[in-house]
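Asks: So I've got this file, my_file.tsv, and it contains TSV, N, CA and C atoms:
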chain	number	residue	atom	x	y	z
A	248	MET	N	-30.61	-0.63	-15.88
A	248	MET	CA	-29.52	-1.22	-15.14
A	248	MET	C	-28.30	-1.41	-16.05
A	249	LYS	N	-28.54	-1.83	-17.30
A	249	LYS	CA	-27.43	-2.02	-18.24
A	249	LYS	C	-26.70	-0.71	-18.49
A	250	ARG	N	-27.46	0.39	-18.62
A	250	ARG	CA	-26.83	1.70	-18.84
A	250	ARG	C	-25.97	2.08	-17.64
A	251	PHE	N	-26.50	1.82	-16.44
A	251	PHE	CA	-25.74	2.15	-15.24
A	251	PHE	C	-24.42	1.38	-15.21
A	252	LEU	N	-24.49	0.06	-15.44
A	252	LEU	CA	-23.27	-0.75	-15.42
A	252	LEU	C	-22.31	-0.33	-16.52
A	253	CYS	N	-22.84	0.00	-17.68
A	253	CYS	CA	-21.99	0.48	-18.77
A	253	CYS	C	-21.30	1.78	-18.37
A	254	GLY	N	-22.05	2.68	-17.72
A	254	GLY	CA	-21.49	3.94	-17.27
A	254	GLY	C	-20.39	3.74	-16.24
A	255	VAL	N	-20.61	2.81	-15.32
A	255	VAL	CA	-19.60	2.51	-14.31
A	255	VAL	C	-18.34	1.97	-14.98
A	256	PHE	N	-18.51	1.04	-15.93
A	256	PHE	CA	-17.37	0.46	-16.64
A	256	PHE	C	-16.59	1.54	-17.38
A	257	VAL	N	-17.28	2.41	-18.09
A	257	VAL	CA	-16.62	3.48	-18.83
A	257	VAL	C	-15.88	4.41	-17.87
A	258	GLY	N	-16.53	4.75	-16.76
A	258	GLY	CA	-15.90	5.64	-15.77
A	258	GLY	C	-14.63	5.06	-15.20
A	259	VAL	N	-14.67	3.78	-14.83
A	259	VAL	CA	-13.48	3.13	-14.28
A	259	VAL	C	-12.39	3.04	-15.34
A	260	SER	N	-12.77	2.74	-16.56
A	260	SER	CA	-11.79	2.64	-17.65
A	260	SER	C	-11.11	3.98	-17.90
A	261	VAL	N	-11.88	5.04	-17.93
A	261	VAL	CA	-11.32	6.38	-18.15
A	261	VAL	C	-10.38	6.75	-17.01
A	262	ALA	N	-10.79	6.45	-15.77
A	262	ALA	CA	-9.94	6.76	-14.61
A	262	ALA	C	-8.62	5.99	-14.68
A	263	ALA	N	-8.69	4.71	-15.07
A	263	ALA	CA	-7.48	3.90	-15.17
A	263	ALA	C	-6.56	4.43	-16.26
A	264	LEU	N	-7.14	4.82	-17.39
A	264	LEU	CA	-6.33	5.38	-18.47
A	264	LEU	C	-5.70	6.70	-18.04
A	265	ALA	N	-6.44	7.52	-17.32
A	265	ALA	CA	-5.90	8.79	-16.84
A	265	ALA	C	-4.73	8.56	-15.89
A	266	MET	N	-4.86	7.55	-15.03
A	266	MET	CA	-3.79	7.25	-14.09
A	266	MET	C	-2.55	6.78	-14.83
A	267	MET	N	-2.74	5.93	-15.82
A	267	MET	CA	-1.59	5.43	-16.58
A	267	MET	C	-0.94	6.55	-17.37
A	268	ALA	N	-1.74	7.46	-17.92
A	268	ALA	CA	-1.18	8.58	-18.67
A	268	ALA	C	-0.40	9.50	-17.74
A	269	LYS	N	-0.88	9.66	-16.52
A	269	LYS	CA	-0.22	10.51	-15.54
A	269	LYS	C	1.17	9.96	-15.19
A	270	GLN	N	1.28	8.63	-15.21
A	270	GLN	CA	2.57	8.01	-14.92
A	270	GLN	C	3.60	8.35	-15.98
A	271	GLY	N	3.15	8.53	-17.19
A	271	GLY	CA	4.07	8.87	-18.26
A	271	GLY	C	4.30	7.69	-19.18
A	272	ALA	N	4.41	7.99	-20.44
A	272	ALA	CA	4.63	6.94	-21.44
A	272	ALA	C	6.00	6.31	-21.25
A	273	GLY	N	6.07	5.02	-21.50
A	273	GLY	CA	7.36	4.33	-21.47
A	273	GLY	C	7.81	3.91	-20.08
A	274	GLN	N	7.03	4.17	-19.04
A	274	GLN	CA	7.43	3.77	-17.70
A	274	GLN	C	7.26	2.26	-17.56
A	275	GLN	N	8.22	1.63	-16.92
A	275	GLN	CA	8.16	0.19	-16.74
A	275	GLN	C	7.32	-0.15	-15.52
A	276	ILE	N	6.38	-1.07	-15.70
A	276	ILE	CA	5.53	-1.55	-14.62
A	276	ILE	C	6.19	-2.81	-14.05
A	277	VAL	N	6.36	-2.85	-12.73
A	277	VAL	CA	7.02	-3.96	-12.05
A	277	VAL	C	6.02	-4.67	-11.15
A	278	GLN	N	5.92	-5.97	-11.30
A	278	GLN	CA	5.02	-6.77	-10.46
A	278	GLN	C	5.68	-7.03	-9.10
A	279	PRO	N	4.88	-7.02	-8.04
A	279	PRO	CA	5.44	-7.33	-6.72
A	279	PRO	C	5.72	-8.82	-6.60
A	280	GLN	N	6.56	-9.16	-5.63
A	280	GLN	CA	6.87	-10.56	-5.35
A	280	GLN	C	6.06	-10.98	-4.12
A	281	VAL	N	5.18	-11.93	-4.28
A	281	VAL	CA	4.41	-12.45	-3.15
A	281	VAL	C	5.31	-13.42	-2.40
A	282	ILE	N	5.57	-13.09	-1.12
A	282	ILE	CA	6.47	-13.89	-0.29
A	282	ILE	C	5.69	-14.96	0.47
A	283	VAL	N	4.56	-14.55	1.05
A	283	VAL	CA	3.71	-15.45	1.83
A	283	VAL	C	2.27	-15.12	1.47
A	284	ASP	N	1.45	-16.17	1.30
A	284	ASP	CA	0.02	-15.96	1.08
A	284	ASP	C	-0.73	-17.11	1.73
A	285	THR	N	-1.19	-16.86	2.97
A	285	THR	CA	-1.94	-17.85	3.73
A	285	THR	C	-3.37	-17.33	3.92
A	286	PRO	N	-4.23	-18.12	4.52
A	286	PRO	CA	-5.59	-17.63	4.77
A	286	PRO	C	-5.64	-16.42	5.72
A	287	ARG	N	-4.56	-16.16	6.46
A	287	ARG	CA	-4.58	-15.06	7.42
A	287	ARG	C	-3.67	-13.89	7.09
A	288	VAL	N	-2.59	-14.13	6.32
A	288	VAL	CA	-1.59	-13.09	6.07
A	288	VAL	C	-1.09	-13.18	4.63
A	289	LYS	N	-0.83	-12.00	4.05
A	289	LYS	CA	-0.17	-11.94	2.75
A	289	LYS	C	0.98	-10.96	2.86
A	290	MET	N	2.18	-11.41	2.48
A	290	MET	CA	3.36	-10.55	2.49
A	290	MET	C	3.83	-10.35	1.05
A	291	VAL	N	4.05	-9.09	0.70
A	291	VAL	CA	4.44	-8.74	-0.65
A	291	VAL	C	5.70	-7.88	-0.59
A	292	ARG	N	6.65	-8.19	-1.44
A	292	ARG	CA	7.90	-7.41	-1.54
A	292	ARG	C	7.83	-6.54	-2.79
A	293	TRP	N	8.02	-5.24	-2.60
A	293	TRP	CA	8.05	-4.28	-3.71
A	293	TRP	C	9.48	-3.80	-3.90
A	294	VAL	N	10.02	-3.91	-5.11
A	294	VAL	CA	11.34	-3.38	-5.44
A	294	VAL	C	11.18	-2.57	-6.72
A	295	LEU	N	11.43	-1.26	-6.61
A	295	LEU	CA	11.29	-0.37	-7.76
A	295	LEU	C	12.58	0.40	-7.97
A	296	LYS	N	13.18	0.20	-9.12
A	296	LYS	CA	14.34	1.00	-9.50
A	296	LYS	C	13.84	2.37	-9.94
A	297	PRO	N	14.71	3.37	-9.97
A	297	PRO	CA	14.27	4.69	-10.43
A	297	PRO	C	13.56	4.59	-11.78
A	298	GLY	N	12.37	5.22	-11.86
A	298	GLY	CA	11.58	5.22	-13.10
A	298	GLY	C	10.58	4.08	-13.20
A	299	GLU	N	10.62	3.12	-12.28
A	299	GLU	CA	9.68	2.00	-12.34
A	299	GLU	C	8.42	2.29	-11.52
A	300	TRP	N	7.31	1.65	-11.92
A	300	TRP	CA	6.00	1.86	-11.30
A	300	TRP	C	5.38	0.54	-10.91
A	301	THR	N	4.48	0.60	-9.92
A	301	THR	CA	3.68	-0.56	-9.56
A	301	THR	C	2.50	-0.63	-10.53
A	302	PRO	N	1.89	-1.81	-10.65
A	302	PRO	CA	0.64	-1.87	-11.40
A	302	PRO	C	-0.46	-1.15	-10.58
A	303	ILE	N	-1.53	-0.80	-11.23
A	303	ILE	CA	-2.66	-0.22	-10.51
A	303	ILE	C	-3.23	-1.31	-9.60
A	304	HIS	N	-3.43	-0.95	-8.34
A	304	HIS	CA	-3.93	-1.92	-7.38
A	304	HIS	C	-4.80	-1.22	-6.33
A	305	THR	N	-5.60	-2.03	-5.63
A	305	THR	CA	-6.52	-1.51	-4.61
A	305	THR	C	-6.22	-2.14	-3.27
A	306	HIS	N	-6.26	-1.33	-2.23
A	306	HIS	CA	-6.03	-1.82	-0.86
A	306	HIS	C	-7.37	-2.08	-0.19
A	307	ASP	N	-7.78	-3.35	-0.18
A	307	ASP	CA	-9.04	-3.74	0.45
A	307	ASP	C	-8.83	-4.33	1.84
A	308	LEU	N	-7.56	-4.48	2.23
A	308	LEU	CA	-7.23	-5.06	3.53
A	308	LEU	C	-6.33	-4.13	4.32
A	309	ASP	N	-6.43	-4.20	5.65
A	309	ASP	CA	-5.46	-3.51	6.49
A	309	ASP	C	-4.08	-4.05	6.16
A	310	HIS	N	-3.08	-3.18	6.22
A	310	HIS	CA	-1.73	-3.68	6.00
A	310	HIS	C	-0.70	-2.80	6.72
A	311	ILE	N	0.47	-3.39	6.86
A	311	ILE	CA	1.62	-2.70	7.45
A	311	ILE	C	2.67	-2.65	6.36
A	312	SER	N	3.25	-1.49	6.16
A	312	SER	CA	4.29	-1.33	5.16
A	312	SER	C	5.60	-0.99	5.86
A	313	VAL	N	6.64	-1.77	5.57
A	313	VAL	CA	7.96	-1.57	6.16
A	313	VAL	C	8.92	-1.21	5.02
A	314	VAL	N	9.54	-0.03	5.14
A	314	VAL	CA	10.46	0.43	4.10
A	314	VAL	C	11.85	-0.14	4.38
A	315	ILE	N	12.32	-1.00	3.47
A	315	ILE	CA	13.63	-1.62	3.60
A	315	ILE	C	14.71	-0.67	3.07
A	316	HIS	N	14.42	-0.02	1.95
A	316	HIS	CA	15.34	0.96	1.37
A	316	HIS	C	14.50	2.08	0.77
A	317	GLY	N	14.63	3.28	1.31
A	317	GLY	CA	13.78	4.39	0.92
A	317	GLY	C	14.19	5.10	-0.35
A	318	SER	N	13.25	5.87	-0.88
A	318	SER	CA	13.44	6.72	-2.05
A	318	SER	C	12.26	7.68	-2.11
A	319	THR	N	12.22	8.50	-3.14
A	319	THR	CA	11.10	9.42	-3.34
A	319	THR	C	10.10	8.77	-4.28
A	320	LEU	N	8.83	8.73	-3.86
A	320	LEU	CA	7.78	8.10	-4.65
A	320	LEU	C	6.75	9.12	-5.10
A	321	ARG	N	6.12	8.83	-6.22
A	321	ARG	CA	4.94	9.59	-6.68
A	321	ARG	C	3.77	8.62	-6.66
A	322	ASP	N	2.73	8.96	-5.90
A	322	ASP	CA	1.53	8.16	-5.77
A	322	ASP	C	0.43	8.81	-6.62
A	323	VAL	N	-0.19	8.03	-7.50
A	323	VAL	CA	-1.25	8.54	-8.37
A	323	VAL	C	-2.51	7.74	-8.08
A	324	ASP	N	-3.59	8.44	-7.64
A	324	ASP	CA	-4.82	7.71	-7.34
A	324	ASP	C	-5.70	7.60	-8.58
A	325	LYS	N	-6.85	6.92	-8.42
A	325	LYS	CA	-7.69	6.63	-9.58
A	325	LYS	C	-8.27	7.87	-10.24
A	326	SER	N	-8.29	9.00	-9.53
A	326	SER	CA	-8.79	10.24	-10.13
A	326	SER	C	-7.68	10.96	-10.90
A	327	GLY	N	-6.44	10.45	-10.80
A	327	GLY	CA	-5.32	11.08	-11.48
A	327	GLY	C	-4.55	12.05	-10.61
A	328	THR	N	-4.98	12.22	-9.35
A	328	THR	CA	-4.29	13.11	-8.43
A	328	THR	C	-2.97	12.49	-8.00
A	329	ALA	N	-1.90	13.27	-8.12
A	329	ALA	CA	-0.56	12.77	-7.79
A	329	ALA	C	-0.02	13.47	-6.55
A	330	LYS	N	0.65	12.69	-5.71
A	330	LYS	CA	1.32	13.22	-4.53
A	330	LYS	C	2.71	12.61	-4.45
A	331	GLU	N	3.68	13.43	-4.10
A	331	GLU	CA	5.04	12.94	-3.92
A	331	GLU	C	5.34	12.83	-2.43
A	332	ASN	N	6.11	11.79	-2.08
A	332	ASN	CA	6.52	11.65	-0.69
A	332	ASN	C	7.84	10.92	-0.61
A	333	VAL	N	8.59	11.24	0.41
A	333	VAL	CA	9.88	10.60	0.65
A	333	VAL	C	9.65	9.45	1.62
A	334	GLN	N	10.00	8.26	1.20
A	334	GLN	CA	9.90	7.07	2.04
A	334	GLN	C	11.28	6.84	2.65
A	335	LYS	N	11.36	6.91	3.97
A	335	LYS	CA	12.64	6.79	4.66
A	335	LYS	C	12.93	5.35	5.06
A	336	THR	N	14.16	4.94	4.85
A	336	THR	CA	14.60	3.60	5.22
A	336	THR	C	14.31	3.32	6.69
A	337	GLY	N	13.73	2.15	6.97
A	337	GLY	CA	13.49	1.73	8.35
A	337	GLY	C	12.15	2.13	8.91
A	338	THR	N	11.36	2.89	8.19
A	338	THR	CA	10.06	3.29	8.73
A	338	THR	C	9.02	2.20	8.48
A	339	ALA	N	8.04	2.18	9.36
A	339	ALA	CA	6.92	1.23	9.23
A	339	ALA	C	5.64	1.99	9.53
A	340	VAL	N	4.61	1.75	8.74
A	340	VAL	CA	3.32	2.43	8.97
A	340	VAL	C	2.19	1.42	8.85
A	341	TYR	N	1.17	1.63	9.67
A	341	TYR	CA	-0.07	0.85	9.58
A	341	TYR	C	-1.01	1.62	8.66
A	342	VAL	N	-1.57	0.92	7.68
A	342	VAL	CA	-2.49	1.55	6.73
A	342	VAL	C	-3.81	0.80	6.79
A	343	PRO	N	-4.88	1.48	7.26
A	343	PRO	CA	-6.18	0.80	7.33
A	343	PRO	C	-6.75	0.55	5.93
A	344	ALA	N	-7.59	-0.47	5.83
A	344	ALA	CA	-8.26	-0.77	4.56
A	344	ALA	C	-9.14	0.40	4.17
A	345	THR	N	-8.93	0.90	2.97
A	345	THR	CA	-9.71	2.05	2.50
A	345	THR	C	-10.32	1.83	1.13
A	346	GLY	N	-9.91	0.76	0.46
A	346	GLY	CA	-10.33	0.57	-0.92
A	346	GLY	C	-9.62	1.53	-1.86
A	347	HIS	N	-8.50	2.09	-1.40
A	347	HIS	CA	-7.71	3.06	-2.16
A	347	HIS	C	-7.12	2.39	-3.40
A	348	THR	N	-7.49	2.90	-4.57
A	348	THR	CA	-6.94	2.40	-5.84
A	348	THR	C	-5.89	3.38	-6.32
A	349	HIS	N	-4.69	2.85	-6.59
A	349	HIS	CA	-3.60	3.74	-6.97
A	349	HIS	C	-2.47	2.96	-7.63
A	350	SER	N	-1.48	3.70	-8.04
A	350	SER	CA	-0.21	3.18	-8.50
A	350	SER	C	0.85	4.12	-7.95
A	351	PHE	N	2.04	3.61	-7.71
A	351	PHE	CA	3.11	4.53	-7.30
A	351	PHE	C	4.38	4.19	-8.04
A	352	GLY	N	5.17	5.23	-8.25
A	352	GLY	CA	6.41	5.07	-8.99
A	352	GLY	C	7.57	5.67	-8.24
A	353	ASN	N	8.75	5.14	-8.52
A	353	ASN	CA	9.97	5.63	-7.90
A	353	ASN	C	10.52	6.77	-8.76
A	354	ILE	N	10.43	8.00	-8.24
A	354	ILE	CA	10.95	9.16	-8.96
A	354	ILE	C	12.26	9.64	-8.35
A	355	GLY	N	12.76	8.86	-7.39
A	355	GLY	CA	14.03	9.20	-6.75
A	355	GLY	C	15.21	8.63	-7.51
A	356	GLU	N	16.37	8.73	-6.88
A	356	GLU	CA	17.61	8.27	-7.50
A	356	GLU	C	18.09	6.93	-6.95
A	357	GLU	N	17.43	6.44	-5.91
A	357	GLU	CA	17.80	5.18	-5.27
A	357	GLU	C	16.72	4.13	-5.53
A	358	THR	N	17.11	2.86	-5.49
A	358	THR	CA	16.14	1.77	-5.59
A	358	THR	C	15.29	1.76	-4.33
A	359	PHE	N	13.97	1.65	-4.50
A	359	PHE	CA	13.03	1.58	-3.39
A	359	PHE	C	12.68	0.12	-3.13
A	360	GLU	N	12.64	-0.26	-1.85
A	360	GLU	CA	12.23	-1.61	-1.49
A	360	GLU	C	11.40	-1.56	-0.22
A	361	SER	N	10.28	-2.28	-0.23
A	361	SER	CA	9.45	-2.36	0.96
A	361	SER	C	8.78	-3.72	1.02
A	362	ILE	N	8.30	-4.05	2.22
A	362	ILE	CA	7.52	-5.25	2.44
A	362	ILE	C	6.15	-4.78	2.94
A	363	SER	N	5.11	-5.29	2.30
A	363	SER	CA	3.75	-4.98	2.72
A	363	SER	C	3.16	-6.25	3.33
A	364	ILE	N	2.59	-6.10	4.52
A	364	ILE	CA	2.00	-7.24	5.24
A	364	ILE	C	0.51	-6.97	5.39
A	365	GLU	N	-0.29	-7.73	4.64
A	365	GLU	CA	-1.75	-7.57	4.69
A	365	GLU	C	-2.33	-8.52	5.72
A	366	LEU	N	-3.22	-7.99	6.55
A	366	LEU	CA	-3.87	-8.78	7.58
A	366	LEU	C	-5.26	-9.17	7.09
A	367	LYS	N	-5.42	-10.45	6.77
A	367	LYS	CA	-6.70	-10.92	6.20
A	367	LYS	C	-7.75	-11.13	7.27
Show me the file's structure as structure tokens.
Replies:
Amino acid sequence: MKRFLCGVFVGVSVAALAMMAKQGAGQQIVQPQVIVDTPRVKMVRWVLKPGEWTPIHTHDLDHISVVIHGSTLRDVDKSGTAKENVQKTGTAVYVPATGHTHSFGNIGEETFESISIELK
């Protein structure tokens, strides 16, 4: 059992390091601003200037994401796979809980801002 847990720890550590390396050296990590955190709802504001990244995080809850000011983002998952997408101002999407572990960065020329509403 100890070997198994050690293997899991090493695997997760390697994946996290790969994700951070994929983001690129010298990228600034920006913490989100928690606006509301009650037993039923959590609202988080993300503001990323060009070149800034979110910390690695996991989505364990259903949430709604509302884009206040769009830009082009690069999403990197725990396996190191990267996808680029354009987030358009004014869009809102429902995202089911998936346990998705990732980080995303603003690779566009405009500041990105969104509000994430988690349904507990």
Asks: In Å, with one decimal, what is the gap from CA of Phe351 in chain A to CA of Ile311 in chain A?
Replies: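 Taking CA of Phe351 in chain A and CA of Ile311 in chain A, their separation equals 16.5 Å.
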Asks: When you draw a straight line from CA of Met290 in chain A to CA of Lys335 in chain A, how long is it in Å?
Replies: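 Atom-to-atom, CA of Met290 in chain A and CA of Lys335 in chain A are spaced 19.8 Å apart.
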Asks: Quick check, in Å to one decimal: how far apart do atom N of Phe359 in chain A and atom C of Arg287 in chain A lie?
Replies: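 Those two atoms sit 26.2 Å apart.
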Asks: Of the candidates A:Ser318, A:Thr338, A:Ser326, A:Thr301, which one gets nearest to Gly355 in chain A if we count only N, CA and C atoms?
Replies: A:Ser318
Asks: Considering only C-alpha atoms, state which residue in the set A:His304, A:Pro297, A:Val323, A:Val314 is at the smallest distance from Pro279 in chain A.
Replies: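 That would be A:His304, the residue with the smallest distance to Pro279 in chain A.
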Asks: As AutoDock Vina command-line options, what would the box around range 279-295 of chain A look like: edges along x, y and z, 3 Å added on every side, centre and edge lengths in Å to one decimal?
Replies:
--center_x 3.5 --center_y -8.9 --center_z -0.3 --size_x 24.2 --size_y 24.5 --size_z 21.5
Asks: Select, counting all atoms listed in the file, all protein, DNA and RNA residues no farther than 8 Å from (8.3, -13.2, -3.7) in file coordinates, and express the selection as a list in words.
Replies: Pro279, Gln280, Val281, Ile282, Val283, Met290, Val291 and Arg292 of chain A
Asks: So, with only C-alpha atoms as the atoms that count, which of A:Val340, A:Val277, A:His349, A:Ala329 lies closest to His306 in chain A?
Replies: A:His349
Asks: Please run DSSP on the backbone and report, as an MDAnalysis selection string, all residues within range 295-356 of chain A that come out as strand (DSSP E).
Replies: chainID A and resid 295 299:300 304:306 309:316 318:324 329:334 339:342 347:353
Asks: Find, counting only C-alpha atoms, the residue in A:Thr336, A:Thr319, A:Ser363, A:Gln275 that gets nearest to Glu299 in chain A.
Replies: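 The answer is A:Gln275, which sits nearest to Glu299 in chain A.
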Asks: Looking at A:Trp300, A:Asp309, A:Val294, A:Glu331, which one is nearest to Gly346 in chain A, with distances taken over all atoms listed in the file?
Replies: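 Closest to Gly346 in chain A, using all atoms listed in the file: A:Asp309.
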Asks: Go through A:Ile276, A:Leu295, A:Ile354, A:Val313 one by one, measure the shortest atom-to-atom distance of each to Asn332 in chain A using only C-alpha atoms, and give the residue with the smallest value.
Replies: A:Ile354
Asks: For range 271-290 of chain A of the structure just presented, write N, CA and C atoms to a file, as a PDB file, in the first residue's frame.
Replies:
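So out28.pdb came out as:
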ATOM      1  N   GLY A 271       5.372  27.793 -19.116  1.00  0.00           N
ATOM      2  CA  GLY A 271       6.525  28.601 -19.461  1.00  0.00           C
ATOM      3  C   GLY A 271       7.136  29.254 -18.240  1.00  0.00           C
ATOM      4  N   ALA A 272       8.436  29.320 -18.246  1.00  0.00           N
ATOM      5  CA  ALA A 272       9.152  29.917 -17.123  1.00  0.00           C
ATOM      6  C   ALA A 272       8.858  31.405 -17.044  1.00  0.00           C
ATOM      7  N   GLY A 273       8.796  31.912 -15.823  1.00  0.00           N
ATOM      8  CA  GLY A 273       8.632  33.344 -15.622  1.00  0.00           C
ATOM      9  C   GLY A 273       7.202  33.840 -15.723  1.00  0.00           C
ATOM     10  N   GLN A 274       6.233  32.962 -15.948  1.00  0.00           N
ATOM     11  CA  GLN A 274       4.848  33.401 -16.033  1.00  0.00           C
ATOM     12  C   GLN A 274       4.339  33.728 -14.638  1.00  0.00           C
ATOM     13  N   GLN A 275       3.599  34.806 -14.526  1.00  0.00           N
ATOM     14  CA  GLN A 275       3.066  35.206 -13.234  1.00  0.00           C
ATOM     15  C   GLN A 275       1.777  34.462 -12.941  1.00  0.00           C
ATOM     16  N   ILE A 276       1.704  33.879 -11.747  1.00  0.00           N
ATOM     17  CA  ILE A 276       0.508  33.183 -11.293  1.00  0.00           C
ATOM     18  C   ILE A 276      -0.330  34.180 -10.491  1.00  0.00           C
ATOM     19  N   VAL A 277      -1.616  34.291 -10.830  1.00  0.00           N
ATOM     20  CA  VAL A 277      -2.519  35.245 -10.191  1.00  0.00           C
ATOM     21  C   VAL A 277      -3.594  34.486  -9.430  1.00  0.00           C
ATOM     22  N   GLN A 278      -3.770  34.814  -8.174  1.00  0.00           N
ATOM     23  CA  GLN A 278      -4.803  34.186  -7.351  1.00  0.00           C
ATOM     24  C   GLN A 278      -6.164  34.820  -7.650  1.00  0.00           C
ATOM     25  N   PRO A 279      -7.221  34.006  -7.655  1.00  0.00           N
ATOM     26  CA  PRO A 279      -8.557  34.573  -7.867  1.00  0.00           C
ATOM     27  C   PRO A 279      -9.029  35.319  -6.629  1.00  0.00           C
ATOM     28  N   GLN A 280     -10.020  36.172  -6.821  1.00  0.00           N
ATOM     29  CA  GLN A 280     -10.626  36.900  -5.711  1.00  0.00           C
ATOM     30  C   GLN A 280     -11.944  36.214  -5.358  1.00  0.00           C
ATOM     31  N   VAL A 281     -12.042  35.695  -4.156  1.00  0.00           N
ATOM     32  CA  VAL A 281     -13.293  35.083  -3.707  1.00  0.00           C
ATOM     33  C   VAL A 281     -14.230  36.209  -3.298  1.00  0.00           C
ATOM     34  N   ILE A 282     -15.375  36.284  -3.984  1.00  0.00           N
ATOM     35  CA  ILE A 282     -16.348  37.350  -3.747  1.00  0.00           C
ATOM     36  C   ILE A 282     -17.373  36.923  -2.703  1.00  0.00           C
ATOM     37  N   VAL A 283     -17.866  35.689  -2.841  1.00  0.00           N
ATOM     38  CA  VAL A 283     -18.869  35.140  -1.929  1.00  0.00           C
ATOM     39  C   VAL A 283     -18.491  33.690  -1.666  1.00  0.00           C
ATOM     40  N   ASP A 284     -18.603  33.264  -0.405  1.00  0.00           N
ATOM     41  CA  ASP A 284     -18.378  31.855  -0.076  1.00  0.00           C
ATOM     42  C   ASP A 284     -19.319  31.492   1.063  1.00  0.00           C
ATOM     43  N   THR A 285     -20.468  30.909   0.691  1.00  0.00           N
ATOM     44  CA  THR A 285     -21.472  30.489   1.660  1.00  0.00           C
ATOM     45  C   THR A 285     -21.579  28.965   1.609  1.00  0.00           C
ATOM     46  N   PRO A 286     -22.376  28.378   2.471  1.00  0.00           N
ATOM     47  CA  PRO A 286     -22.545  26.918   2.401  1.00  0.00           C
ATOM     48  C   PRO A 286     -23.166  26.425   1.087  1.00  0.00           C
ATOM     49  N   ARG A 287     -23.785  27.328   0.317  1.00  0.00           N
ATOM     50  CA  ARG A 287     -24.457  26.902  -0.912  1.00  0.00           C
ATOM     51  C   ARG A 287     -23.822  27.403  -2.195  1.00  0.00           C
ATOM     52  N   VAL A 288     -23.101  28.530  -2.150  1.00  0.00           N
ATOM     53  CA  VAL A 288     -22.572  29.154  -3.369  1.00  0.00           C
ATOM     54  C   VAL A 288     -21.185  29.724  -3.101  1.00  0.00           C
ATOM     55  N   LYS A 289     -20.329  29.617  -4.130  1.00  0.00           N
ATOM     56  CA  LYS A 289     -19.028  30.289  -4.083  1.00  0.00           C
ATOM     57  C   LYS A 289     -18.862  31.052  -5.387  1.00  0.00           C
ATOM     58  N   MET A 290     -18.564  32.355  -5.276  1.00  0.00           N
ATOM     59  CA  MET A 290     -18.334  33.190  -6.453  1.00  0.00           C
ATOM     60  C   MET A 290     -16.876  33.639  -6.440  1.00  0.00           C
TER      61      MET A 290
END
